[in-house]
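**Student:** Mind having a look at this structure? Questions to follow.
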Amino acid sequence: MTTLNDVVVLLGPGLEPWMCKRFEWSADTIVTVDRVEPVLAIEKGTRVIIPGLCNSHTHMGDSCMPDGATGLTLEQGFFRPNGFKYRRLSEISRDEHLPHVVNHLRYMARTGTVAHIDFREQGPDGSELLREASRLSGVDSVILGQFSGVPFGEPELEANSAVLPEDARRELEAILAAGDGFSESTMNDLTDPAWAEIRALTGSLGKLRAIHCLENAGYRDVSLARTGVGDLARALQVYDPDLIVHMTVASAAEVALLSASGKTAALNPRANANLGLPMPPVRALMDAGVNLLLGTDNGLLNSPNLLAELDFTYKLAKSQYGDAVRPDPLAILRMATSNVGRLLGDRHRGYIDKGLPATFVVLDFHQPHLRASQHIPASIVGRVTPEDVLATFREGRPLYKSEWYPGPMGA
Ligand SMILES: [Zn+2]
């Protein structure tokens, strides 16, 4: 049993901050949450315990090439078969690649992240490499694999009638055996019959489906030209994804379509900004009631530091609301915590309560910029930096402990 005394804990799926006399866990489970009173402001520092964060959109394979896409367009940097990223991935050996990914997962733990949802390139081998990195780091990797190559040529994509070639079908089975589901770059990479096959196979195996949609207008335009349907509507019709990533250039009608579908979306505003794209309509998506998550996207564009994404997204949302009052900072923090439970269920509930897994982050609110916080949730999303993380635990196991843990007040 481990005990922390006199700490602020963000409790339940709503993440309400409570002063707690005792917070205890035993093995992998939280066993005591001794509430005193709700608390918003502090005067002389404390420790603040928040749920372990989930980074809901990453490409950790990129860990070997930080800032490698600088000066390149989306197409030059990221698209198969000849984009910089795919050329680099085809050159690097597994032995060279694995330590980069492990070290980045450890960096994520140091910045408060305990889990991530990854679009993993390089077919089944790519998924297996990430599984090994997850085992070594202790960070939970939800691995959504993608084909190692493009299964169709341009004429087949234009005709939109071919089923998966036999070798792609076998690769799909191996990807699903190695990981947790399937992902692809865009709806335009496969034919509708292929999407239907993937939907059927993932469905029968209970695997997740995800896709990038509406990252730029080209995604919609190509899909419309080929099939008469935009990429989001097409994804919902033929693929039925559990997770839709980006929505960067979504129109009001597309926001309404997503909302009506009840699907979860992951936003990546820093990555969008870094590619010179418009900002995603965070306000419209929040107002429409979409279950929103946050991701840092490609390692070429961003460090996988979700604290930076929280800050950026909070201020972006405030700008879009236009009144400096909305949104509640906890609504932003839920995008990296309890909203994830609606997608991953028991695998990652994303909140803290007695009887739930001991998966949480201890923040040092004794730091000069935090010790007199007048609004703890606003300080968490807008002011906490990686240096303020004292420790990160996943199911009772410390993934990271700073030299200052457990902090000035001791355990
Ligand atoms: Zn992505």
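Identifiers in the structure tokens: chain A, B, ... in order shown; residue index from 1 per chain; ligand index from 1 in order shown.
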Can you tell me, as a list in words, which residues in range 310-347 of chain A count as alpha helix (DSSP H) by DSSP?
**Tutor:**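 Residues meeting the alpha helix (DSSP H) criterion: Leu310, Asp311, Phe312, Thr313, Tyr314, Lys315, Leu316, Ala317, Lys318, Ser319, Gln320, Tyr321, Pro329, Leu330, Ala331, Ile332, Leu333, Arg334, Gly341, Arg342, Leu343 and Leu344 of chain A.
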**Student:** How would you report the residues lying within 12 Å of ligand 1, as a compact mmCIF listing (two decimals) with N, CA and C atoms, in the first residue's frame, if you count only C-alpha atoms and all ligand atoms?
**Tutor:**
# COMPACT_ATOMS: atom_id res chain seq x y z
N ASN A 55 -2.67 9.93 -25.29
CA ASN A 55 -2.39 10.64 -26.54
C ASN A 55 -3.09 9.85 -27.65
N SER A 56 -4.20 10.37 -28.14
CA SER A 56 -5.09 9.56 -28.97
C SER A 56 -4.77 9.57 -30.46
N HIS A 57 -3.68 10.25 -30.83
CA HIS A 57 -3.23 10.08 -32.22
C HIS A 57 -1.73 10.32 -32.34
N THR A 58 -1.00 9.23 -32.57
CA THR A 58 0.45 9.32 -32.75
C THR A 58 0.88 8.49 -33.95
N HIS A 59 2.09 8.76 -34.40
CA HIS A 59 2.82 7.89 -35.34
C HIS A 59 4.20 7.72 -34.73
N MET A 60 4.33 6.82 -33.75
CA MET A 60 5.59 6.72 -33.03
C MET A 60 6.73 6.17 -33.89
N GLY A 61 6.38 5.58 -35.02
CA GLY A 61 7.43 5.15 -35.94
C GLY A 61 8.31 6.31 -36.38
N ASP A 62 7.75 7.51 -36.32
CA ASP A 62 8.50 8.71 -36.72
C ASP A 62 9.55 9.13 -35.69
N LEU A 74 2.62 18.43 -47.01
CA LEU A 74 2.00 17.19 -46.52
C LEU A 74 2.29 16.04 -47.48
N PHE A 78 4.70 13.08 -46.19
CA PHE A 78 3.96 12.04 -45.49
C PHE A 78 3.23 11.02 -46.34
N PHE A 79 3.18 11.22 -47.66
CA PHE A 79 2.33 10.31 -48.46
C PHE A 79 3.17 9.19 -49.07
N ILE A 117 -2.76 5.98 -28.85
CA ILE A 117 -3.38 5.26 -29.97
C ILE A 117 -2.57 5.59 -31.20
N ASP A 118 -1.94 4.57 -31.78
CA ASP A 118 -0.93 4.79 -32.82
C ASP A 118 -1.38 4.28 -34.18
N PHE A 119 -1.21 5.10 -35.19
CA PHE A 119 -1.35 4.67 -36.58
C PHE A 119 0.02 4.16 -37.00
N ARG A 120 0.18 2.85 -37.03
CA ARG A 120 1.51 2.26 -37.22
C ARG A 120 1.71 1.81 -38.66
N GLU A 121 2.73 2.36 -39.27
CA GLU A 121 3.09 2.03 -40.65
C GLU A 121 3.86 0.71 -40.66
N LEU A 144 -2.84 0.44 -34.19
CA LEU A 144 -3.70 0.32 -35.37
C LEU A 144 -2.80 0.28 -36.59
N GLN A 146 -1.25 -0.44 -40.51
CA GLN A 146 -1.60 -0.05 -41.88
C GLN A 146 -0.77 -0.89 -42.86
N SER A 183 -5.73 1.04 -39.42
CA SER A 183 -5.81 2.47 -39.74
C SER A 183 -5.29 2.65 -41.16
N GLU A 184 -5.67 3.73 -41.78
CA GLU A 184 -5.09 4.08 -43.08
C GLU A 184 -4.90 5.58 -43.14
N SER A 185 -4.11 6.02 -44.11
CA SER A 185 -3.89 7.45 -44.26
C SER A 185 -5.20 8.15 -44.61
N THR A 186 -5.80 7.78 -45.75
CA THR A 186 -7.04 8.45 -46.16
C THR A 186 -7.98 7.43 -46.79
N ALA A 210 -9.86 2.93 -37.59
CA ALA A 210 -9.65 4.37 -37.52
C ALA A 210 -9.19 4.88 -38.88
N ILE A 211 -9.34 6.18 -39.10
CA ILE A 211 -8.99 6.79 -40.39
C ILE A 211 -8.77 8.29 -40.22
N HIS A 212 -7.82 8.85 -40.99
CA HIS A 212 -7.71 10.31 -41.08
C HIS A 212 -8.81 10.82 -42.02
N CYS A 213 -9.55 11.84 -41.63
CA CYS A 213 -10.54 12.47 -42.51
C CYS A 213 -10.38 13.98 -42.49
N LEU A 214 -10.59 14.60 -43.65
CA LEU A 214 -10.70 16.05 -43.75
C LEU A 214 -9.49 16.78 -43.15
N GLU A 215 -8.31 16.19 -43.32
CA GLU A 215 -7.12 16.90 -42.84
C GLU A 215 -6.88 18.14 -43.72
N LEU A 243 -12.92 5.60 -34.74
CA LEU A 243 -12.17 6.83 -34.46
C LEU A 243 -11.86 7.56 -35.76
N ILE A 244 -12.21 8.84 -35.78
CA ILE A 244 -11.93 9.69 -36.95
C ILE A 244 -10.93 10.76 -36.52
N VAL A 245 -9.85 10.87 -37.28
CA VAL A 245 -8.76 11.76 -36.89
C VAL A 245 -8.73 13.00 -37.80
N HIS A 246 -8.65 14.15 -37.18
CA HIS A 246 -8.43 15.47 -37.80
C HIS A 246 -9.66 16.38 -37.87
N MET A 247 -10.53 16.19 -38.87
CA MET A 247 -11.69 17.10 -39.05
C MET A 247 -11.25 18.56 -39.22
N THR A 248 -10.02 18.74 -39.71
CA THR A 248 -9.42 20.08 -39.76
C THR A 248 -10.25 21.07 -40.58
N ALA A 266 -10.48 12.51 -32.96
CA ALA A 266 -9.24 12.98 -32.33
C ALA A 266 -8.72 14.18 -33.10
N LEU A 267 -8.51 15.29 -32.37
CA LEU A 267 -7.99 16.52 -32.97
C LEU A 267 -6.49 16.64 -32.71
N ASN A 268 -5.81 17.29 -33.64
CA ASN A 268 -4.35 17.46 -33.56
C ASN A 268 -3.97 18.87 -33.98
N PRO A 269 -4.42 19.89 -33.24
CA PRO A 269 -4.26 21.27 -33.73
C PRO A 269 -2.81 21.69 -33.95
N ARG A 270 -1.88 21.24 -33.11
CA ARG A 270 -0.49 21.67 -33.32
C ARG A 270 0.06 21.12 -34.62
N ALA A 271 -0.26 19.86 -34.93
CA ALA A 271 0.22 19.28 -36.19
C ALA A 271 -0.40 20.01 -37.38
N ASN A 272 -1.70 20.32 -37.28
CA ASN A 272 -2.35 21.06 -38.37
C ASN A 272 -1.65 22.40 -38.58
N LEU A 275 1.66 22.26 -40.35
CA LEU A 275 1.60 22.00 -41.80
C LEU A 275 0.96 23.16 -42.55
N LEU A 294 -7.56 14.15 -28.05
CA LEU A 294 -6.44 14.96 -28.54
C LEU A 294 -5.25 14.07 -28.88
N GLY A 295 -4.52 14.46 -29.94
CA GLY A 295 -3.31 13.75 -30.30
C GLY A 295 -2.22 14.70 -30.73
N THR A 296 -0.99 14.20 -30.73
CA THR A 296 0.13 15.04 -31.18
C THR A 296 0.54 14.70 -32.61
N ASP A 297 -0.04 13.62 -33.19
CA ASP A 297 0.18 13.23 -34.59
C ASP A 297 1.66 12.93 -34.87
N ASN A 298 2.12 13.20 -36.06
CA ASN A 298 3.43 12.74 -36.51
C ASN A 298 4.59 13.24 -35.66
N GLY A 299 5.50 12.31 -35.36
CA GLY A 299 6.72 12.70 -34.68
C GLY A 299 7.60 13.62 -35.51
N LEU A 300 7.37 13.65 -36.82
CA LEU A 300 8.11 14.59 -37.66
C LEU A 300 7.72 16.03 -37.36
N LEU A 301 6.49 16.20 -36.86
CA LEU A 301 5.94 17.54 -36.68
C LEU A 301 6.02 18.03 -35.23
N ASN A 302 5.79 17.09 -34.29
CA ASN A 302 5.63 17.47 -32.88
C ASN A 302 6.33 16.48 -31.98
**Student:** Using DSSP secondary structure from the backbone, list all strand (DSSP E or B) positions within range 268-405 of chain A, as an NGL selection string.
**Tutor:** :A and (291-294 or 297-298 or 357 or 360-364 or 389-394 or 397-401)
**Student:** Keeping N, CA and C atoms for every residue in the selection just given, could you write it to a file as a CSV table (one decimal), in the first residue's frame?
**Tutor:**
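What follows is the written file result.csv:
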chain,number,residue,atom,x,y,z
A,291,ASN,N,-17.7,13.5,-29.1
A,291,ASN,CA,-16.7,13.0,-28.1
A,291,ASN,C,-15.3,13.3,-28.7
A,292,LEU,N,-14.6,14.2,-28.1
A,292,LEU,CA,-13.4,14.7,-28.7
A,292,LEU,C,-12.2,14.2,-27.9
A,293,LEU,N,-11.1,13.8,-28.6
A,293,LEU,CA,-9.9,13.4,-28.0
A,293,LEU,C,-8.8,14.2,-28.6
A,294,LEU,N,-7.6,14.2,-28.0
A,294,LEU,CA,-6.4,15.0,-28.5
A,294,LEU,C,-5.3,14.1,-28.9
A,297,ASP,N,0.0,13.6,-33.2
A,297,ASP,CA,0.2,13.2,-34.6
A,297,ASP,C,1.7,12.9,-34.9
A,298,ASN,N,2.1,13.2,-36.1
A,298,ASN,CA,3.4,12.7,-36.5
A,298,ASN,C,4.6,13.2,-35.7
A,357,PRO,N,-8.2,1.4,-11.7
A,357,PRO,CA,-6.7,1.2,-11.7
A,357,PRO,C,-6.0,2.4,-11.3
A,360,PHE,N,-2.3,7.3,-12.9
A,360,PHE,CA,-2.4,8.7,-12.6
A,360,PHE,C,-1.1,9.4,-12.7
A,361,VAL,N,-1.1,10.8,-12.6
A,361,VAL,CA,0.1,11.6,-12.7
A,361,VAL,C,0.1,12.5,-11.5
A,362,VAL,N,1.3,12.6,-10.8
A,362,VAL,CA,1.4,13.5,-9.7
A,362,VAL,C,2.2,14.8,-10.2
A,363,LEU,N,1.5,15.9,-10.0
A,363,LEU,CA,2.1,17.2,-10.5
A,363,LEU,C,2.5,18.0,-9.3
A,364,ASP,N,3.6,18.7,-9.5
A,364,ASP,CA,4.2,19.5,-8.4
A,364,ASP,C,3.7,20.9,-8.5
A,389,VAL,N,6.1,17.4,-13.7
A,389,VAL,CA,5.6,16.1,-13.4
A,389,VAL,C,6.5,15.4,-12.4
A,390,LEU,N,5.9,15.0,-11.3
A,390,LEU,CA,6.7,14.3,-10.3
A,390,LEU,C,6.8,12.8,-10.5
A,391,ALA,N,5.7,12.3,-11.0
A,391,ALA,CA,5.7,10.8,-11.2
A,391,ALA,C,4.5,10.5,-12.1
A,392,THR,N,4.6,9.4,-12.9
A,392,THR,CA,3.5,8.9,-13.7
A,392,THR,C,3.4,7.4,-13.4
A,393,PHE,N,2.2,7.0,-13.0
A,393,PHE,CA,1.9,5.6,-12.7
A,393,PHE,C,0.9,5.0,-13.7
A,394,ARG,N,1.1,3.8,-14.1
A,394,ARG,CA,0.1,3.1,-14.9
A,394,ARG,C,-0.2,1.7,-14.2
A,397,ARG,N,2.2,0.8,-11.5
A,397,ARG,CA,3.6,0.7,-11.9
A,397,ARG,C,4.1,2.1,-12.2
A,398,PRO,N,5.2,2.5,-11.6
A,398,PRO,CA,5.8,3.8,-11.9
A,398,PRO,C,6.5,3.8,-13.3
A,399,LEU,N,5.9,4.5,-14.3
A,399,LEU,CA,6.6,4.6,-15.6
A,399,LEU,C,7.6,5.7,-15.6
A,400,TYR,N,7.5,6.6,-14.6
A,400,TYR,CA,8.4,7.7,-14.5
A,400,TYR,C,8.4,8.3,-13.1
A,401,LYS,N,9.5,8.5,-12.5
A,401,LYS,CA,9.6,9.2,-11.2
A,401,LYS,C,10.7,10.3,-11.3
**Student:** Have a look at A:Ala194, A:Val384, A:Leu277, A:Leu72 and name the one nearest to Leu307 in chain A; count only C-alpha atoms.
**Tutor:**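 Of A:Ala194, A:Val384, A:Leu277, A:Leu72, the one nearest Leu307 in chain A is A:Val384, counting only C-alpha atoms.
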**Student:** Which residues are near range 15-22 of chain A? Cut-off 7 Å, only C-alpha atoms, ignore same chain within fewer than 6 positions. Put them as a VMD selection string.
**Tutor:** chain A and resid 3 to 9 32 to 40 330
**Student:** Okay, now the selection with N, CA and C atoms, as a compact mmCIF listing (two decimals), in the first residue's frame?
**Tutor:**
# COMPACT_ATOMS: atom_id res chain seq x y z
N THR A 3 0.70 5.58 0.20
CA THR A 3 -0.20 6.66 0.61
C THR A 3 0.41 8.01 0.27
N LEU A 4 -0.41 8.91 -0.28
CA LEU A 4 -0.05 10.31 -0.39
C LEU A 4 -1.05 11.10 0.45
N ASN A 5 -0.54 11.95 1.34
CA ASN A 5 -1.41 12.73 2.22
C ASN A 5 -1.54 14.17 1.75
N ASP A 6 -2.71 14.76 2.01
CA ASP A 6 -2.95 16.18 1.73
C ASP A 6 -2.62 16.54 0.28
N VAL A 7 -3.38 15.94 -0.62
CA VAL A 7 -3.19 16.18 -2.05
C VAL A 7 -4.52 16.60 -2.68
N VAL A 8 -4.41 17.34 -3.79
CA VAL A 8 -5.60 17.64 -4.60
C VAL A 8 -5.71 16.53 -5.64
N VAL A 9 -6.92 15.94 -5.75
CA VAL A 9 -7.13 14.87 -6.73
C VAL A 9 -8.30 15.26 -7.65
N THR A 32 -8.11 4.03 -1.54
CA THR A 32 -8.64 5.05 -0.64
C THR A 32 -8.63 6.41 -1.32
N VAL A 33 -9.78 7.09 -1.30
CA VAL A 33 -9.85 8.49 -1.71
C VAL A 33 -10.62 9.20 -0.60
N ASP A 34 -9.86 9.82 0.30
CA ASP A 34 -10.45 10.39 1.51
C ASP A 34 -10.71 11.89 1.27
N ARG A 35 -11.92 12.21 0.77
CA ARG A 35 -12.25 13.58 0.36
C ARG A 35 -12.45 14.50 1.55
N VAL A 36 -11.95 15.72 1.44
CA VAL A 36 -12.20 16.74 2.46
C VAL A 36 -13.20 17.76 1.93
N GLU A 37 -12.83 18.44 0.82
CA GLU A 37 -13.74 19.43 0.23
C GLU A 37 -13.31 19.74 -1.19
N PRO A 38 -14.25 20.25 -2.00
CA PRO A 38 -13.87 20.69 -3.34
C PRO A 38 -12.90 21.87 -3.23
N VAL A 39 -11.98 21.99 -4.17
CA VAL A 39 -10.97 23.05 -4.10
C VAL A 39 -10.70 23.58 -5.50
N LEU A 40 -10.57 24.90 -5.61
CA LEU A 40 -10.25 25.49 -6.91
C LEU A 40 -8.93 26.24 -6.86
N LEU A 330 -11.62 22.19 -17.92
CA LEU A 330 -11.78 20.75 -17.68
C LEU A 330 -12.34 20.04 -18.91
**Student:** Tell me which protein, DNA and RNA residues are within 8 Å of range 122-134 of chain A, counting only C-alpha atoms, leaving out same-chain ones fewer than 2 positions away, and put them as a list of chain:residue names.
**Tutor:**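 In the requested form, the answer reads A:Met60, A:Gly61, A:Leu89, A:Arg94, A:Leu98, A:Pro99, A:Val101, A:Val102, A:Leu105, A:Arg120, A:Leu136, A:Ser137, A:Gly138, A:Val139, A:Asp140, A:Ser141, A:Ile143, A:Leu144, A:Gly145, A:Gln146, A:Phe147, A:Ser148, A:Gly149, A:Glu171, A:Ala174, A:Ile175, A:Leu176, A:Ala178, A:Gly179.
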**Student:** Those residues you just picked out, can you put them in a file as a CSV table (one decimal), in the first residue's frame with N, CA and C atoms?
**Tutor:**
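Result went into part24.csv, see below:
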chain,number,residue,atom,x,y,z
A,60,MET,N,4.3,6.8,-33.8
A,60,MET,CA,5.6,6.7,-33.0
A,60,MET,C,6.7,6.2,-33.9
A,61,GLY,N,6.4,5.6,-35.0
A,61,GLY,CA,7.4,5.1,-35.9
A,61,GLY,C,8.3,6.3,-36.4
A,89,LEU,N,11.7,5.4,-43.3
A,89,LEU,CA,11.2,4.1,-42.6
A,89,LEU,C,11.7,2.9,-43.4
A,94,ARG,N,15.5,-2.5,-37.9
A,94,ARG,CA,14.8,-2.7,-36.7
A,94,ARG,C,15.6,-2.3,-35.4
A,98,LEU,N,14.1,0.6,-33.0
A,98,LEU,CA,13.4,0.3,-31.7
A,98,LEU,C,13.8,1.3,-30.6
A,99,PRO,N,15.1,1.5,-30.4
A,99,PRO,CA,15.5,2.4,-29.3
A,99,PRO,C,14.9,3.8,-29.4
A,101,VAL,N,12.0,4.5,-30.6
A,101,VAL,CA,10.5,4.5,-30.2
A,101,VAL,C,10.4,4.3,-28.7
A,102,VAL,N,11.3,3.4,-28.2
A,102,VAL,CA,11.2,3.2,-26.7
A,102,VAL,C,11.5,4.5,-26.0
A,105,LEU,N,8.6,6.8,-26.1
A,105,LEU,CA,7.5,6.4,-25.2
A,105,LEU,C,7.9,6.8,-23.7
A,120,ARG,N,0.2,2.9,-37.0
A,120,ARG,CA,1.5,2.3,-37.2
A,120,ARG,C,1.7,1.8,-38.7
A,136,LEU,N,8.7,-2.6,-23.3
A,136,LEU,CA,9.9,-2.2,-22.6
A,136,LEU,C,9.7,-0.9,-21.8
A,137,SER,N,8.8,0.0,-22.3
A,137,SER,CA,8.5,1.3,-21.6
A,137,SER,C,7.4,1.2,-20.6
A,138,GLY,N,6.5,0.3,-20.7
A,138,GLY,CA,5.3,0.3,-19.8
A,138,GLY,C,4.2,1.1,-20.3
A,139,VAL,N,4.4,2.0,-21.3
A,139,VAL,CA,3.3,2.8,-21.9
A,139,VAL,C,2.4,1.9,-22.7
A,140,ASP,N,1.1,2.0,-22.5
A,140,ASP,CA,0.1,1.2,-23.3
A,140,ASP,C,0.0,1.7,-24.7
A,141,SER,N,0.4,0.9,-25.6
A,141,SER,CA,0.2,1.2,-27.1
A,141,SER,C,-1.0,0.5,-27.7
A,143,ILE,N,-2.4,-0.2,-30.9
A,143,ILE,CA,-1.7,-0.3,-32.2
A,143,ILE,C,-2.7,-0.5,-33.3
A,144,LEU,N,-2.8,0.4,-34.2
A,144,LEU,CA,-3.7,0.3,-35.4
A,144,LEU,C,-2.8,0.3,-36.6
A,145,GLY,N,-2.6,-0.9,-37.2
A,145,GLY,CA,-1.7,-1.1,-38.2
A,145,GLY,C,-2.2,-0.6,-39.6
A,146,GLN,N,-1.2,-0.4,-40.5
A,146,GLN,CA,-1.6,-0.1,-41.9
A,146,GLN,C,-0.8,-0.9,-42.9
A,147,PHE,N,-1.3,-1.0,-44.1
A,147,PHE,CA,-0.5,-1.8,-45.1
A,147,PHE,C,0.9,-1.2,-45.3
A,148,SER,N,1.8,-2.1,-45.6
A,148,SER,CA,3.2,-1.6,-45.8
A,148,SER,C,3.4,-0.9,-47.1
A,149,GLY,N,2.5,-1.3,-48.1
A,149,GLY,CA,2.5,-0.6,-49.4
A,149,GLY,C,1.1,-0.2,-49.8
A,171,GLU,N,-1.9,-9.8,-45.6
A,171,GLU,CA,-1.2,-8.8,-44.8
A,171,GLU,C,-2.2,-8.3,-43.8
A,174,ALA,N,-2.5,-10.5,-40.9
A,174,ALA,CA,-1.3,-10.5,-40.0
A,174,ALA,C,-1.2,-9.2,-39.2
A,175,ILE,N,-1.7,-8.1,-39.8
A,175,ILE,CA,-1.7,-6.8,-39.1
A,175,ILE,C,-2.7,-6.9,-37.9
A,176,LEU,N,-3.8,-7.5,-38.1
A,176,LEU,CA,-4.8,-7.6,-37.1
A,176,LEU,C,-4.4,-8.6,-36.0
A,178,ALA,N,-1.3,-8.9,-35.1
A,178,ALA,CA,-0.2,-8.3,-34.4
A,178,ALA,C,-0.6,-7.1,-33.5
A,179,GLY,N,-1.7,-6.5,-33.9
A,179,GLY,CA,-2.1,-5.2,-33.2
A,179,GLY,C,-3.6,-5.2,-32.7
**Student:** Which of these residues is nearest to Gln237 in chain A, using only C-alpha atoms: A:Trp195, A:Gly218, A:Ile376, A:Ala252?
**Tutor:**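 Closest candidate: A:Trp195.
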**Student:** For Gly341 in chain A, work out the shell of residues within 12 Å, counting only C-alpha atoms and skipping chain neighbours fewer than 4 positions away, then give it as a ChimeraX atom specification.
**Tutor:** /A:12-13,51-54,56,115,264,291-293,334-337,345-352
**Student:** What does the distance from CA of Gly203 in chain A to CA of Leu343 in chain A come to in Å, to one decimal?
**Tutor:**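 One can read the CA of Gly203 in chain A to CA of Leu343 in chain A distance as 15.1 Å.
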